[in-house]
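Dropping model-v2.cif in here (mmCIF, C-alpha atoms):
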```cif
data_coords
loop_
_atom_site.label_atom_id
_atom_site.label_comp_id
_atom_site.auth_asym_id
_atom_site.auth_seq_id
_atom_site.Cartn_x
_atom_site.Cartn_y
_atom_site.Cartn_z
CA MET K 1 3.32 -9.93 -11.98
CA THR K 2 6.37 -12.22 -12.35
CA LEU K 3 7.12 -15.01 -9.90
CA SER K 4 10.13 -13.13 -8.59
CA SER K 5 8.22 -9.88 -7.97
CA ALA K 6 5.27 -11.79 -6.51
CA SER K 7 7.64 -13.50 -4.09
CA ARG K 8 9.06 -10.18 -3.00
CA PHE K 9 5.60 -8.72 -2.41
CA LEU K 10 4.60 -11.81 -0.41
CA ALA K 11 7.74 -11.69 1.73
CA ALA K 12 7.25 -8.02 2.50
CA ALA K 13 3.60 -8.59 3.37
CA ILE K 14 4.48 -11.39 5.79
CA VAL K 15 7.12 -9.29 7.53
CA LEU K 16 4.88 -6.26 7.81
CA GLY K 17 2.01 -8.39 9.05
CA SER K 18 4.12 -9.67 11.92
CA LEU K 19 5.42 -6.22 12.81
CA ILE K 20 2.26 -4.15 12.50
CA SER K 21 -1.01 -5.92 11.86
CA THR K 22 -1.10 -8.53 14.60
CA PRO K 23 -2.76 -7.17 17.76
CA GLN K 24 -0.60 -7.42 20.87
CA ARG K 25 -1.85 -8.90 24.10
CA ALA K 26 -2.01 -6.64 27.14
CA GLU K 27 -2.27 -7.24 30.86
CA ALA K 28 -5.61 -6.43 32.40
CA ASP K 29 -4.42 -3.08 33.79
CA ASP K 30 -2.51 -1.94 30.69
CA VAL K 31 -3.92 0.81 28.49
CA LEU K 32 -4.50 -0.90 25.15
CA VAL K 33 -4.36 1.51 22.22
CA PHE K 34 -5.49 0.64 18.71
CA ALA K 35 -3.73 3.07 16.35
CA ALA K 36 -3.39 3.59 12.61
CA ALA K 37 -0.15 2.08 11.29
CA SER K 38 1.17 5.46 10.16
CA LEU K 39 1.40 6.58 13.81
CA LYS K 40 3.91 3.91 14.82
CA ASN K 41 7.11 5.97 15.02
CA ALA K 42 5.48 8.90 16.76
CA LEU K 43 3.56 6.90 19.36
CA ASP K 44 6.48 4.57 20.05
CA SER K 45 8.55 7.62 20.95
CA LEU K 46 5.80 9.18 23.10
CA VAL K 47 4.68 6.18 25.15
CA PRO K 48 7.79 5.93 27.42
CA GLY K 49 7.27 9.49 28.61
CA PHE K 50 3.67 8.81 29.57
CA GLU K 51 4.63 5.59 31.32
CA ARG K 52 7.31 7.38 33.39
CA GLN K 53 4.92 10.19 34.24
CA SER K 54 1.90 8.06 35.11
CA GLY K 55 3.35 4.71 36.17
CA GLN K 56 0.83 3.15 33.80
CA GLU K 57 1.89 0.77 31.04
CA VAL K 58 0.63 1.27 27.50
CA VAL K 59 0.41 -1.40 24.79
CA ILE K 60 -0.24 -0.35 21.20
CA SER K 61 -1.55 -2.46 18.33
CA TYR K 62 -0.89 -0.93 14.92
CA ALA K 63 -2.84 -1.81 11.78
CA ALA K 64 -5.08 -0.26 9.16
CA SER K 65 -7.83 1.88 10.71
CA SER K 66 -10.46 -0.32 9.06
CA ILE K 67 -9.06 -3.53 10.57
CA LEU K 68 -8.85 -2.01 14.04
CA ALA K 69 -12.38 -0.62 13.89
CA ARG K 70 -13.74 -4.02 12.89
CA GLN K 71 -11.85 -5.66 15.75
CA ILE K 72 -13.43 -3.23 18.21
CA GLN K 73 -16.83 -3.99 16.70
CA GLN K 74 -16.12 -7.68 17.34
CA GLY K 75 -15.31 -7.07 21.01
CA ALA K 76 -11.56 -6.43 21.09
CA PRO K 77 -10.70 -4.84 24.46
CA ALA K 78 -9.22 -1.58 23.16
CA ASP K 79 -9.17 1.43 25.48
CA VAL K 80 -8.22 4.10 22.93
CA TYR K 81 -8.77 4.15 19.18
CA ILE K 82 -6.86 6.49 16.84
CA SER K 83 -7.98 6.35 13.22
CA ALA K 84 -6.47 7.83 10.07
CA ASN K 85 -9.87 9.04 8.89
CA SER K 86 -13.18 10.13 10.33
CA ASP K 87 -15.37 7.52 8.65
CA TRP K 88 -14.22 4.58 10.76
CA MET K 89 -14.52 6.63 13.94
CA ASP K 90 -18.04 7.60 12.85
CA VAL K 91 -18.90 3.91 12.51
CA LEU K 92 -17.78 3.18 16.07
CA GLN K 93 -19.60 6.25 17.38
CA GLU K 94 -22.81 5.15 15.65
CA ASN K 95 -22.34 1.72 17.25
CA ARG K 96 -21.89 3.44 20.65
CA LEU K 97 -18.48 1.84 21.08
CA ILE K 98 -16.61 5.07 21.83
CA ASP K 99 -17.22 7.87 24.31
CA ALA K 100 -18.31 10.60 21.90
CA GLY K 101 -17.42 13.25 24.47
CA SER K 102 -13.78 12.19 24.37
CA ARG K 103 -13.51 12.35 20.57
CA VAL K 104 -10.97 14.83 19.24
CA ASN K 105 -9.36 15.55 15.88
CA LEU K 106 -5.82 14.89 17.01
CA LEU K 107 -3.71 15.36 13.86
CA GLY K 108 -3.58 15.84 10.11
CA ASN K 109 -1.18 14.70 7.40
CA GLY K 110 -0.21 15.10 3.77
CA LEU K 111 -0.09 12.62 0.90
CA VAL K 112 3.04 12.03 -1.17
CA LEU K 113 4.38 9.92 -4.01
CA ILE K 114 7.62 8.20 -3.00
CA GLY K 115 10.37 6.31 -4.77
CA GLY K 116 13.74 4.81 -3.97
CA PRO K 117 16.82 6.95 -3.20
CA THR K 118 17.59 7.49 -6.89
CA ALA K 119 14.01 8.12 -8.05
CA VAL K 120 13.57 11.17 -10.26
CA GLU K 121 11.54 13.99 -8.75
CA ILE K 122 8.32 14.96 -10.52
CA GLU K 123 7.84 18.70 -10.65
CA GLY K 124 4.16 19.28 -10.02
CA LEU K 125 1.65 16.47 -10.42
CA SER K 126 -0.84 17.17 -13.20
CA PRO K 127 -3.16 15.31 -15.58
CA GLN K 128 -0.18 15.15 -17.95
CA THR K 129 2.06 13.32 -15.46
CA ASP K 130 2.89 9.87 -16.82
CA ILE K 131 3.15 7.80 -13.65
CA SER K 132 2.73 4.59 -15.63
CA ALA K 133 5.88 5.36 -17.60
CA ALA K 134 7.73 6.29 -14.40
CA LEU K 135 6.94 2.81 -13.04
CA SER K 136 8.92 1.24 -15.91
CA GLY K 137 6.83 -1.92 -15.78
CA GLY K 138 6.87 -2.08 -11.98
CA HIS K 139 4.10 -1.54 -9.44
CA LEU K 140 2.66 1.40 -7.55
CA ALA K 141 2.43 0.42 -3.86
CA MET K 142 -0.71 1.63 -2.11
CA ALA K 143 -2.75 0.64 0.92
CA LEU K 144 -6.09 -1.01 0.06
CA VAL K 145 -7.79 1.61 -2.07
CA ASP K 146 -11.37 0.85 -1.02
CA ALA K 147 -10.89 0.21 2.71
CA VAL K 148 -7.72 1.73 4.18
CA PRO K 149 -7.62 5.53 4.60
CA ALA K 150 -4.25 6.09 2.90
CA GLY K 151 -5.41 4.03 -0.08
CA ILE K 152 -8.76 5.82 -0.23
CA TYR K 153 -7.04 9.23 -0.17
CA GLY K 154 -4.52 8.11 -2.79
CA LYS K 155 -7.11 6.73 -5.17
CA ALA K 156 -9.19 9.92 -4.84
CA ALA K 157 -6.13 12.07 -5.64
CA LEU K 158 -5.23 10.01 -8.70
CA GLN K 159 -8.85 10.04 -9.89
CA ASN K 160 -9.06 13.82 -9.53
CA LEU K 161 -5.88 14.13 -11.57
CA GLY K 162 -7.36 11.86 -14.22
CA LEU K 163 -4.51 9.36 -13.73
CA TRP K 164 -6.24 6.47 -11.98
CA ASP K 165 -7.37 4.63 -15.12
CA SER K 166 -3.84 4.62 -16.50
CA VAL K 167 -2.21 3.17 -13.37
CA GLN K 168 -4.83 1.02 -11.63
CA GLN K 169 -3.65 -2.20 -13.29
CA GLN K 170 -0.16 -1.55 -11.88
CA VAL K 171 -1.26 -0.92 -8.30
CA ALA K 172 0.01 -3.38 -5.68
CA GLN K 173 -2.39 -3.08 -2.73
CA THR K 174 -1.23 -3.72 0.84
CA ASP K 175 -3.02 -4.18 4.15
CA ASN K 176 -1.80 -0.84 5.52
CA VAL K 177 0.24 2.19 4.53
CA ARG K 178 3.41 1.04 6.29
CA ALA K 179 3.38 -2.13 4.17
CA ALA K 180 3.23 0.04 1.03
CA LEU K 181 6.14 2.07 2.40
CA ALA K 182 8.11 -1.13 3.03
CA LEU K 183 7.65 -2.33 -0.56
CA VAL K 184 9.24 0.84 -1.91
CA ALA K 185 11.96 0.87 0.75
CA ALA K 186 12.87 -2.73 -0.11
CA GLY K 187 12.98 -1.98 -3.84
CA ALA K 188 10.04 -4.29 -4.57
CA ALA K 189 8.02 -1.38 -6.01
CA PRO K 190 9.53 1.66 -7.75
CA LEU K 191 6.87 4.08 -6.51
CA GLY K 192 4.28 4.25 -3.74
CA VAL K 193 1.62 6.53 -2.27
CA VAL K 194 1.98 7.12 1.47
CA TYR K 195 1.56 9.82 4.08
CA ARG K 196 4.16 12.58 4.38
CA SER K 197 5.03 11.35 7.88
CA ASP K 198 5.69 7.82 6.54
CA ALA K 199 8.16 9.11 3.97
CA GLN K 200 9.94 11.09 6.68
CA ALA K 201 10.24 7.97 8.85
CA GLU K 202 12.06 5.87 6.22
CA ASP K 203 15.59 6.75 5.06
CA ARG K 204 15.45 4.39 2.08
CA VAL K 205 12.79 6.41 0.23
CA ARG K 206 12.50 9.94 -1.05
CA VAL K 207 9.53 12.12 -1.87
CA VAL K 208 9.08 12.25 -5.64
CA ALA K 209 6.03 14.54 -5.55
CA SER K 210 3.42 15.87 -3.13
CA PHE K 211 -0.30 15.67 -3.80
CA PRO K 212 -2.10 19.01 -3.36
CA ALA K 213 -4.52 18.78 -0.43
CA ASN K 214 -7.49 19.74 -2.62
CA LEU K 215 -7.18 16.50 -4.60
CA HIS K 216 -8.39 14.26 -1.76
CA PRO K 217 -10.60 14.43 1.34
CA GLU K 218 -8.97 16.19 4.27
CA ILE K 219 -6.66 13.83 6.15
CA VAL K 220 -7.77 13.82 9.77
CA TYR K 221 -6.73 11.54 12.65
CA PRO K 222 -9.62 11.41 15.14
CA ALA K 223 -8.94 9.82 18.52
CA ALA K 224 -11.35 8.68 21.22
CA VAL K 225 -11.64 6.58 24.34
CA THR K 226 -13.83 3.50 24.05
CA THR K 227 -16.88 2.97 26.20
CA GLN K 228 -15.15 0.15 28.12
CA ALA K 229 -12.01 2.13 28.98
CA SER K 230 -10.64 3.07 32.39
CA ALA K 231 -9.62 6.50 33.68
CA GLU K 232 -6.02 5.84 32.61
CA ALA K 233 -7.14 5.78 28.96
CA TYR K 234 -8.48 9.32 29.30
CA ALA K 235 -5.16 10.37 30.81
CA PHE K 236 -3.26 8.92 27.86
CA LEU K 237 -5.46 10.68 25.31
CA SER K 238 -4.97 13.95 27.21
CA TYR K 239 -1.20 13.36 27.20
CA LEU K 240 -1.23 13.07 23.40
CA GLN K 241 -2.72 16.57 23.22
CA THR K 242 -0.01 18.25 25.31
CA ASP K 243 2.38 20.75 23.75
CA ALA K 244 5.28 18.33 24.23
CA ALA K 245 3.47 15.52 22.41
CA MET K 246 2.37 17.84 19.63
CA ALA K 247 5.98 18.92 19.12
CA VAL K 248 6.94 15.28 18.57
CA PHE K 249 4.12 14.78 16.07
CA ALA K 250 5.15 17.92 14.18
CA GLU K 251 8.80 16.81 14.05
CA GLN K 252 7.66 13.56 12.43
CA GLY K 253 5.73 15.23 9.65
CA PHE K 254 2.18 15.37 10.98
CA ALA K 255 0.01 18.46 10.73
CA LEU K 256 -1.35 19.87 13.98
CA PRO K 257 -4.92 20.97 14.70
CA GLY K 258 -5.57 24.32 13.06
CA ASP K 259 -2.67 24.07 10.60
#
```
What would you get if you wrote out this structure as C-alpha coordinates?
Amino acid sequence: MTLSSASRFLAAAIVLGSLISTPQRAEADDVLVFAAASLKNALDSLVPGFERQSGQEVVISYAASSILARQIQQGAPADVYISANSDWMDVLQENRLIDAGSRVNLLGNGLVLIGGPTAVEIEGLSPQTDISAALSGGHLAMALVDAVPAGIYGKAALQNLGLWDSVQQQVAQTDNVRAALALVAAGAAPLGVVYRSDAQAEDRVRVVASFPANLHPEIVYPAAVTTQASAEAYAFLSYLQTDAAMAVFAEQGFALPGD
(Lines of atoms letter the chains of each structure in order from A and count residues from 1; the text may use other names and numbers.)
(Lines give C-alpha, C1' and ligand atoms only; values in the text may rest on other atoms or scores of the structure.)
Protein backbone atom coordinates (compact mmCIF):
# COMPACT_ATOMS: atom_id res chain seq x y z
CA MET A 1 0.00 0.00 0.00
CA THR A 2 1.44 3.42 -0.96
CA LEU A 3 1.84 6.22 1.56
CA SER A 4 -0.91 8.20 -0.12
CA SER A 5 -3.42 5.32 -0.08
CA ALA A 6 -2.43 4.38 3.47
CA SER A 7 -3.10 7.95 4.55
CA ARG A 8 -6.53 7.89 2.97
CA PHE A 9 -7.41 4.61 4.69
CA LEU A 10 -6.21 5.99 8.03
CA ALA A 11 -8.19 9.21 7.64
CA ALA A 12 -11.36 7.33 6.77
CA ALA A 13 -10.88 4.97 9.71
CA ILE A 14 -10.47 7.87 12.14
CA VAL A 15 -13.60 9.60 10.86
CA LEU A 16 -15.68 6.44 10.96
CA GLY A 17 -14.40 5.60 14.41
CA SER A 18 -15.62 8.91 15.75
CA LEU A 19 -19.00 8.61 14.04
CA ILE A 20 -19.83 4.97 14.69
CA SER A 21 -17.54 2.97 16.93
CA THR A 22 -17.32 5.11 20.04
CA PRO A 23 -20.09 4.23 22.53
CA GLN A 24 -22.25 7.18 23.53
CA ARG A 25 -22.99 8.02 27.13
CA ALA A 26 -26.61 7.87 28.27
CA GLU A 27 -28.50 9.26 31.23
CA ALA A 28 -29.53 6.73 33.83
CA ASP A 29 -33.13 6.56 32.57
CA ASP A 30 -32.32 6.46 28.83
CA VAL A 31 -32.74 3.24 26.89
CA LEU A 32 -29.22 2.42 25.71
CA VAL A 33 -29.18 0.35 22.53
CA PHE A 34 -26.09 -1.38 21.18
CA ALA A 35 -26.69 -1.96 17.45
CA ALA A 36 -24.75 -3.25 14.47
CA ALA A 37 -23.31 -0.38 12.41
CA SER A 38 -25.35 -1.34 9.34
CA LEU A 39 -28.56 -0.41 11.20
CA LYS A 40 -27.63 3.24 11.67
CA ASN A 41 -29.83 4.89 9.04
CA ALA A 42 -32.88 2.79 9.82
CA LEU A 43 -32.71 3.12 13.60
CA ASP A 44 -31.90 6.83 13.47
CA SER A 45 -35.12 7.34 11.51
CA LEU A 46 -37.19 5.14 13.84
CA VAL A 47 -36.07 6.40 17.25
CA PRO A 48 -37.85 9.81 17.14
CA GLY A 49 -41.21 8.10 16.63
CA PHE A 50 -40.71 5.87 19.65
CA GLU A 51 -39.57 8.81 21.76
CA ARG A 52 -42.68 10.83 20.84
CA GLN A 53 -44.94 7.86 21.49
CA SER A 54 -43.39 6.76 24.78
CA GLY A 55 -41.80 9.90 26.21
CA GLN A 56 -38.69 7.79 26.74
CA GLU A 57 -35.32 8.82 25.33
CA VAL A 58 -33.22 6.33 23.40
CA VAL A 59 -29.45 6.48 22.89
CA ILE A 60 -27.82 4.19 20.33
CA SER A 61 -24.18 3.15 20.08
CA TYR A 62 -23.25 1.74 16.68
CA ALA A 63 -20.26 -0.51 16.04
CA ALA A 64 -19.37 -3.97 14.83
CA SER A 65 -21.50 -6.66 16.48
CA SER A 66 -18.36 -8.31 17.86
CA ILE A 67 -17.15 -5.11 19.55
CA LEU A 68 -20.55 -4.45 21.11
CA ALA A 69 -20.90 -8.00 22.39
CA ARG A 70 -17.48 -7.82 24.03
CA GLN A 71 -18.40 -4.51 25.65
CA ILE A 72 -21.54 -6.08 27.13
CA GLN A 73 -19.42 -8.98 28.38
CA GLN A 74 -17.19 -6.42 30.09
CA GLY A 75 -20.13 -4.77 31.86
CA ALA A 76 -21.29 -2.03 29.49
CA PRO A 77 -24.78 -0.92 30.58
CA ALA A 78 -26.65 -1.75 27.36
CA ASP A 79 -30.40 -2.34 27.55
CA VAL A 80 -30.93 -3.76 24.05
CA TYR A 81 -28.47 -5.54 21.77
CA ILE A 82 -29.05 -5.94 18.01
CA SER A 83 -26.44 -8.05 16.25
CA ALA A 84 -25.78 -8.65 12.56
CA ASN A 85 -25.36 -12.38 13.14
CA SER A 86 -26.54 -15.06 15.51
CA ASP A 87 -23.14 -16.16 16.80
CA TRP A 88 -22.49 -13.08 18.93
CA MET A 89 -26.01 -13.19 20.34
CA ASP A 90 -25.45 -16.87 21.16
CA VAL A 91 -22.32 -15.90 23.10
CA LEU A 92 -24.24 -13.41 25.23
CA GLN A 93 -27.07 -15.89 25.76
CA GLU A 94 -24.60 -18.54 26.91
CA ASN A 95 -23.14 -15.95 29.30
CA ARG A 96 -26.68 -15.23 30.59
CA LEU A 97 -26.32 -11.57 29.66
CA ILE A 98 -29.54 -11.35 27.64
CA ASP A 99 -33.12 -12.31 28.40
CA ALA A 100 -33.44 -15.35 26.13
CA GLY A 101 -37.22 -15.01 26.17
CA SER A 102 -36.98 -11.61 24.51
CA ARG A 103 -34.71 -12.79 21.69
CA VAL A 104 -36.15 -12.41 18.20
CA ASN A 105 -34.80 -12.65 14.66
CA LEU A 106 -35.62 -9.08 13.71
CA LEU A 107 -34.31 -8.72 10.14
CA GLY A 108 -32.30 -10.16 7.29
CA ASN A 109 -30.11 -8.63 4.59
CA GLY A 110 -28.25 -9.32 1.37
CA LEU A 111 -24.57 -9.05 0.47
CA VAL A 112 -23.33 -6.97 -2.47
CA LEU A 113 -20.16 -5.88 -4.20
CA ILE A 114 -20.06 -2.09 -4.58
CA GLY A 115 -17.97 0.41 -6.50
CA GLY A 116 -17.92 4.11 -7.19
CA PRO A 117 -20.54 5.83 -9.40
CA THR A 118 -18.71 4.89 -12.60
CA ALA A 119 -17.84 1.31 -11.64
CA VAL A 120 -18.63 -1.29 -14.29
CA GLU A 121 -21.38 -3.74 -13.38
CA ILE A 122 -20.43 -7.42 -13.19
CA GLU A 123 -23.07 -9.65 -14.72
CA GLY A 124 -23.29 -12.66 -12.45
CA LEU A 125 -20.51 -13.47 -10.02
CA SER A 126 -18.84 -16.79 -10.81
CA PRO A 127 -15.52 -18.58 -10.26
CA GLN A 128 -14.39 -16.95 -13.51
CA THR A 129 -14.98 -13.40 -12.26
CA ASP A 130 -11.66 -11.55 -12.09
CA ILE A 131 -12.19 -9.24 -9.12
CA SER A 132 -8.45 -8.73 -8.77
CA ALA A 133 -8.29 -7.25 -12.27
CA ALA A 134 -11.34 -5.09 -11.57
CA LEU A 135 -9.48 -3.58 -8.59
CA SER A 136 -6.80 -2.25 -10.98
CA GLY A 137 -4.16 -2.35 -8.25
CA GLY A 138 -6.48 -0.91 -5.61
CA HIS A 139 -8.05 -2.51 -2.54
CA LEU A 140 -11.21 -4.42 -1.76
CA ALA A 141 -12.80 -2.83 1.33
CA MET A 142 -14.31 -5.32 3.77
CA ALA A 143 -15.16 -5.43 7.45
CA LEU A 144 -12.81 -7.61 9.53
CA VAL A 145 -13.12 -10.99 7.85
CA ASP A 146 -12.63 -13.13 10.96
CA ALA A 147 -14.62 -11.13 13.52
CA VAL A 148 -17.23 -8.79 12.02
CA PRO A 149 -20.36 -10.40 10.52
CA ALA A 150 -20.26 -8.55 7.18
CA GLY A 151 -16.61 -9.54 6.75
CA ILE A 152 -17.30 -13.14 7.74
CA TYR A 153 -20.17 -13.38 5.25
CA GLY A 154 -18.09 -11.73 2.53
CA LYS A 155 -15.09 -13.99 3.01
CA ALA A 156 -17.34 -17.08 2.96
CA ALA A 157 -18.96 -15.93 -0.30
CA LEU A 158 -15.61 -15.29 -1.97
CA GLN A 159 -14.26 -18.64 -0.73
CA ASN A 160 -17.29 -20.49 -2.09
CA LEU A 161 -16.75 -18.80 -5.44
CA GLY A 162 -13.10 -19.83 -5.37
CA LEU A 163 -12.03 -16.17 -5.52
CA TRP A 164 -10.68 -15.56 -2.02
CA ASP A 165 -7.10 -16.69 -2.68
CA SER A 166 -6.80 -14.33 -5.64
CA VAL A 167 -8.00 -11.22 -3.76
CA GLN A 168 -7.06 -11.68 -0.11
CA GLN A 169 -3.79 -9.77 -0.44
CA GLN A 170 -5.76 -6.79 -1.77
CA VAL A 171 -8.34 -6.72 1.02
CA ALA A 172 -8.39 -3.60 3.21
CA GLN A 173 -10.09 -4.63 6.46
CA THR A 174 -12.09 -2.14 8.53
CA ASP A 175 -13.57 -2.20 12.02
CA ASN A 176 -17.15 -2.34 10.73
CA VAL A 177 -19.13 -2.50 7.51
CA ARG A 178 -19.93 1.22 7.43
CA ALA A 179 -16.19 1.98 7.44
CA ALA A 180 -15.79 -0.29 4.40
CA LEU A 181 -18.68 1.56 2.74
CA ALA A 182 -17.01 4.90 3.51
CA LEU A 183 -13.74 3.84 1.87
CA VAL A 184 -15.51 3.13 -1.41
CA ALA A 185 -17.70 6.23 -1.16
CA ALA A 186 -14.60 8.39 -0.62
CA GLY A 187 -12.80 6.81 -3.58
CA ALA A 188 -10.10 5.29 -1.34
CA ALA A 189 -11.02 1.77 -2.50
CA PRO A 190 -12.44 0.91 -5.94
CA LEU A 191 -14.59 -1.95 -4.67
CA GLY A 192 -16.07 -3.14 -1.38
CA VAL A 193 -18.27 -5.86 0.10
CA VAL A 194 -21.16 -4.54 2.18
CA TYR A 195 -24.79 -5.26 2.97
CA ARG A 196 -27.49 -4.39 0.44
CA SER A 197 -28.95 -1.87 2.90
CA ASP A 198 -25.55 -0.11 3.21
CA ALA A 199 -25.30 0.35 -0.54
CA GLN A 200 -28.81 1.78 -0.61
CA ALA A 201 -27.92 4.28 2.12
CA GLU A 202 -24.96 5.83 0.25
CA ASP A 203 -25.48 7.84 -2.97
CA ARG A 204 -21.77 7.81 -3.84
CA VAL A 205 -21.66 4.06 -4.51
CA ARG A 206 -23.43 1.68 -6.83
CA VAL A 207 -24.04 -2.05 -6.68
CA VAL A 208 -21.65 -3.79 -9.06
CA ALA A 209 -22.91 -7.31 -8.30
CA SER A 210 -25.02 -9.20 -5.77
CA PHE A 211 -23.81 -12.33 -4.01
CA PRO A 212 -26.30 -15.22 -4.21
CA ALA A 213 -27.60 -16.03 -0.72
CA ASN A 214 -26.42 -19.65 -0.96
CA LEU A 215 -22.77 -18.54 -1.01
CA HIS A 216 -22.70 -17.44 2.64
CA PRO A 217 -24.45 -18.20 5.94
CA GLU A 218 -27.92 -16.72 6.21
CA ILE A 219 -27.74 -13.06 7.25
CA VAL A 220 -29.86 -12.68 10.37
CA TYR A 221 -30.17 -9.74 12.77
CA PRO A 222 -31.18 -11.13 16.19
CA ALA A 223 -32.27 -8.63 18.83
CA ALA A 224 -32.74 -9.07 22.57
CA VAL A 225 -33.11 -7.19 25.83
CA THR A 226 -30.24 -7.59 28.28
CA THR A 227 -30.71 -9.03 31.74
CA GLN A 228 -30.12 -5.61 33.34
CA ALA A 229 -32.68 -3.73 31.23
CA SER A 230 -35.80 -1.88 32.35
CA ALA A 231 -39.37 -2.25 31.09
CA GLU A 232 -38.80 0.58 28.61
CA ALA A 233 -36.23 -1.58 26.78
CA TYR A 234 -38.88 -4.23 26.16
CA ALA A 235 -41.18 -1.54 24.82
CA PHE A 236 -38.53 -0.35 22.38
CA LEU A 237 -37.85 -3.86 21.10
CA SER A 238 -41.59 -4.37 20.62
CA TYR A 239 -41.78 -1.06 18.73
CA LEU A 240 -39.13 -2.28 16.28
CA GLN A 241 -41.38 -5.21 15.42
CA THR A 242 -44.44 -3.11 14.54
CA ASP A 243 -45.71 -2.94 10.97
CA ALA A 244 -44.69 0.73 10.75
CA ALA A 245 -41.11 -0.02 11.81
CA MET A 246 -40.89 -3.00 9.48
CA ALA A 247 -41.97 -0.79 6.59
CA VAL A 248 -39.06 1.53 7.32
CA PHE A 249 -36.61 -1.37 7.45
CA ALA A 250 -37.93 -2.71 4.14
CA GLU A 251 -37.62 0.71 2.47
CA GLN A 252 -33.96 0.79 3.49
CA GLY A 253 -33.11 -2.54 1.94
CA PHE A 254 -33.47 -5.00 4.81
CA ALA A 255 -35.26 -8.31 4.47
CA LEU A 256 -38.17 -8.94 6.82
CA PRO A 257 -38.85 -12.09 8.85
CA GLY A 258 -40.21 -14.79 6.57
CA ASP A 259 -38.93 -13.21 3.35
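In this model, the gap between atom CA of Leu107 of chain K and atom CA of Thr242 of chain K comes to 12.4 Å.
Between atom CA of Ser38 of chain K and atom CA of Ala231 of chain K there is a distance of 25.9 Å.
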Can you list, as an NGL selection string, the residues that the PyMOL selection byres ((chain K and resi 166-169) around 8) selects here?
:K and (131-132 or 140 or 163-165 or 170-171)
Chain and number of each residue from the PyMOL selection byres ((chain K and resi 151-160) around 9), as a VMD selection string:
chain K and resid 111 to 112 127 142 to 150 161 to 165 167 to 168 173 to 174 176 to 177 193 to 194 211 to 219
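These residues, each with an atom at most 10 Å from (3.7, 5.1, 23.9) using only C-alpha atoms, are Val31, Val33, Lys40, Asn41, Ala42, Leu43, Asp44, Ser45, Leu46, Val47, Pro48, Gly49, Phe50, Glu51, Glu57, Val58, Val59, Ile60, Phe236 and Leu240 of chain K.
Once the PyMOL selection byres ((chain K and resi 227) around 12) is applied to the shown structure, the selection contains K:Ile72, K:Gln73, K:Gly75, K:Ala76, K:Pro77, K:Ala78, K:Asp79, K:Val80, K:Tyr81, K:Leu92, K:Gln93, K:Asn95, K:Arg96, K:Leu97, K:Ile98, K:Asp99, K:Ala100, K:Gly101, K:Ser102, K:Arg103, K:Ala224, K:Val225, K:Thr226, K:Gln228, K:Ala229, K:Ser230, K:Ala231, K:Ala233, K:Tyr234.
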Writing out the chosen residues with C-alpha atoms as a CSV table (one decimal), in the frame of the given file:
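What ended up in selection_36.csv:
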```csv
chain,number,residue,atom,x,y,z
K,72,ILE,CA,-13.4,-3.2,18.2
K,73,GLN,CA,-16.8,-4.0,16.7
K,75,GLY,CA,-15.3,-7.1,21.0
K,76,ALA,CA,-11.6,-6.4,21.1
K,77,PRO,CA,-10.7,-4.8,24.5
K,78,ALA,CA,-9.2,-1.6,23.2
K,79,ASP,CA,-9.2,1.4,25.5
K,80,VAL,CA,-8.2,4.1,22.9
K,81,TYR,CA,-8.8,4.2,19.2
K,92,LEU,CA,-17.8,3.2,16.1
K,93,GLN,CA,-19.6,6.2,17.4
K,95,ASN,CA,-22.3,1.7,17.2
K,96,ARG,CA,-21.9,3.4,20.6
K,97,LEU,CA,-18.5,1.8,21.1
K,98,ILE,CA,-16.6,5.1,21.8
K,99,ASP,CA,-17.2,7.9,24.3
K,100,ALA,CA,-18.3,10.6,21.9
K,101,GLY,CA,-17.4,13.2,24.5
K,102,SER,CA,-13.8,12.2,24.4
K,103,ARG,CA,-13.5,12.4,20.6
K,224,ALA,CA,-11.4,8.7,21.2
K,225,VAL,CA,-11.6,6.6,24.3
K,226,THR,CA,-13.8,3.5,24.0
K,228,GLN,CA,-15.2,0.2,28.1
K,229,ALA,CA,-12.0,2.1,29.0
K,230,SER,CA,-10.6,3.1,32.4
K,231,ALA,CA,-9.6,6.5,33.7
K,233,ALA,CA,-7.1,5.8,29.0
K,234,TYR,CA,-8.5,9.3,29.3
```
Top pick for closest residue to Ser197 of chain K, considering K:Asn109, K:Ser66, K:Ser126, K:Ser86 and counting only C-alpha atoms:
K:Asn109
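The smallest atom-to-atom distance between Tyr195 of chain K and any of K:Ala64, K:Asp130, K:Gln71, K:Gly108, using all atoms listed in the file, is found for K:Gly108.
For the pair atom CA of Ala63 of chain K and atom CA of Ala247 of chain K, the separation is 23.7 Å.
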With distances taken over all atoms listed in the file, which residue among K:Leu181, K:Val104, K:Ile67, K:Ala255 lies nearest Ala199 of chain K?
K:Leu181
So that I can check the surroundings of segment 114-118 of chain K, please list as a ChimeraX atom specification every protein, DNA and RNA residue that reaches within 12 Å of it, counting all atoms listed in the file and ignoring chain neighbours fewer than 4 positions away.
/K:122,131,134-135,138-142,180-200,202-211
With all atoms listed in the file as the atoms that count, which of K:Leu39, K:Ala119, K:Leu237, K:Leu106 lies nearest to Gly253 of chain K?
K:Leu39
Determine the axis-aligned bounding box of all atoms of segment 85-97 of chain K present in the file, pad each side by 5 Å, and express its centre and edge lengths in Å to one decimal place as lines of an AutoDock Vina configuration file.
```
center_x = -16.3
center_y = 5.9
center_z = 14.9
size_x = 22.9
size_y = 18.4
size_z = 22.4
```
